[in-house]
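Colleague: Next up is a structure, given as structure tokens.
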Amino acid sequence: MKKVIAFALSLMLALSLFAGCGKSGSSSTAEQANLEGSLEEILAKVYDGITEMPMTMEQELTEDNSEYNVGVARSEYVEGLASDAAINAIAFSVCLMRAESAEAAQTLAEQVEEKANPNKWVCVEAEAKIVDRIGDVVILIMADQTLADQLSDNFKALAG
């Protein structure tokens with residue numbers, strides 16, 4: 001009987017360890033509460049403290065530009081904001097999308113990861129493509145690796 005109990009406890013421990021070994025990255029910040037503030041305010045926090053930034057222009061994501069910018073139709077999220085390099089020859093884009101819920105944001109992040117094109121500028125290609133989410137907000141970062149990592153770190157820090 002002791003062997004059966006010991007085996008059962010060992011099995012439960014092993015299964016609990018495997019349950020914790022999931023996909024890292026977007027899921028680490030995904031379970032946090034929804035981000036407060038407008039997408040413009042969130043973007044300002046993502047850019048905060050980064051010195052090697054290209055000059056950018058922001059625009060709302062619309063039906064006409066959503067698939068070009070993030071790879072998915074505008075109907076897939078509640079609101080969106082794109083921030084691209086003002087000079088088209090620089091591969092730099094940060095897009096924020098707010099979904100209806102955290103669950104919808106998870107699906108949206110998966111679609112963006114699959115469909116966003118880091119070669120959307122034709123003459124230049126982003127070195128890195130990072131898709132992450134916190135609560136109901138999804139971020140797409142396409143830039144050189146160092147800058148993309150810095151922006152991603154700033155976004156993750158918003159999870160608190």
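Chains: A, B, ... in order of the structure tokens. Residues: from 1 per chain. Ligands: from 1, in order shown.
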Would you list the contacts of segment 149-158 of chain A as a VMD selection string, taking every protein, DNA or RNA residue within 8 Å and counting only C-alpha atoms, but skipping same-chain residues closer than 2 positions in sequence?
Modeller: chain A and resid 29 35 45 to 48 50 130 132 134 141 145 to 147 160
Colleague: Please return as a ChimeraX atom specification: the residues of segment 30-83 of chain A that backbone DSSP assigns to strand (DSSP E).
Modeller: /A:56-60,79-83
Colleague: Could you write those residues out with N, CA and C atoms, as a compact mmCIF listing (two decimals), in the first residue's frame?
Modeller:
```txt
# COMPACT_ATOMS: atom_id res chain seq x y z
N THR A 56 9.34 58.59 -35.80
CA THR A 56 8.18 57.77 -36.13
C THR A 56 6.96 58.61 -36.45
N MET A 57 6.03 57.97 -37.13
CA MET A 57 4.70 58.54 -37.41
C MET A 57 3.68 57.51 -36.95
N GLU A 58 2.66 57.98 -36.24
CA GLU A 58 1.62 57.10 -35.74
C GLU A 58 0.36 57.26 -36.57
N GLN A 59 -0.35 56.15 -36.72
CA GLN A 59 -1.64 56.18 -37.41
C GLN A 59 -2.53 55.09 -36.85
N GLU A 60 -3.81 55.34 -36.90
CA GLU A 60 -4.78 54.35 -36.47
C GLU A 60 -4.78 53.17 -37.44
N GLU A 79 -9.49 48.10 -31.28
CA GLU A 79 -8.79 49.31 -31.73
C GLU A 79 -7.33 48.97 -31.98
N GLY A 80 -6.69 49.77 -32.83
CA GLY A 80 -5.29 49.52 -33.14
C GLY A 80 -4.54 50.78 -33.47
N LEU A 81 -3.23 50.75 -33.21
CA LEU A 81 -2.35 51.89 -33.46
C LEU A 81 -1.06 51.37 -34.06
N ALA A 82 -0.63 52.01 -35.15
CA ALA A 82 0.64 51.65 -35.79
C ALA A 82 1.61 52.82 -35.65
N SER A 83 2.86 52.49 -35.37
CA SER A 83 3.92 53.48 -35.28
C SER A 83 5.06 52.98 -36.15
```
Colleague: Grab the atom CA of Ala148 of chain A to atom CA of Asn88 of chain A distance for me, in Å with one decimal place.
Modeller: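 So the two atoms, atom CA of Ala148 of chain A and atom CA of Asn88 of chain A, lie 17.5 Å apart.
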Colleague: So, counting only C-alpha atoms, which residue among A:Val131, A:Val137, A:Ile87, A:Val112 is closest to Glu100 of chain A?
Modeller: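 With only C-alpha atoms as the atom set, the closest residue is A:Val137.
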Colleague: Could you list, as JSON, numbers by chain, every residue within 10 Å of Thr107 of chain A, counting only C-alpha atoms and ignoring same-chain residues fewer than 6 positions away?
Modeller: {"A": [76, 99, 113, 138]}
Colleague: Using only C-alpha atoms, which residues sit within 10 Å of Glu125 of chain A once same-chain residues fewer than 4 positions away are excluded, as an NGL selection string?
Modeller: :A and (89-92 or 117-121 or 142-144)
Colleague: Restrict the selected residues to C-alpha atoms and save them as a short mmCIF file (atom, residue, chain, number, x, y, z; two decimals), in the first residue's frame.
Modeller:
```cif
data_model
loop_
_atom_site.label_atom_id
_atom_site.label_comp_id
_atom_site.auth_asym_id
_atom_site.auth_seq_id
_atom_site.Cartn_x
_atom_site.Cartn_y
_atom_site.Cartn_z
CA ALA A 89 13.93 52.78 -45.87
CA ILE A 90 14.15 51.90 -42.15
CA ALA A 91 12.56 48.60 -41.14
CA PHE A 92 10.79 49.71 -37.97
CA ASN A 117 5.23 40.29 -42.68
CA PRO A 118 8.67 41.55 -41.53
CA ASN A 119 9.40 42.30 -45.20
CA LYS A 120 6.41 44.61 -45.69
CA TRP A 121 8.66 47.48 -46.78
CA MET A 142 9.45 44.63 -36.11
CA ALA A 143 12.91 46.22 -35.98
CA ASP A 144 16.59 45.39 -35.62
#
```
Colleague: Using only C-alpha atoms, which of A:Ala105, A:Ala116, A:Cys123, A:Val72 sits nearest Asn34 of chain A?
Modeller: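 Of A:Ala105, A:Ala116, A:Cys123, A:Val72, the one nearest Asn34 of chain A, counting only C-alpha atoms, is A:Ala105.
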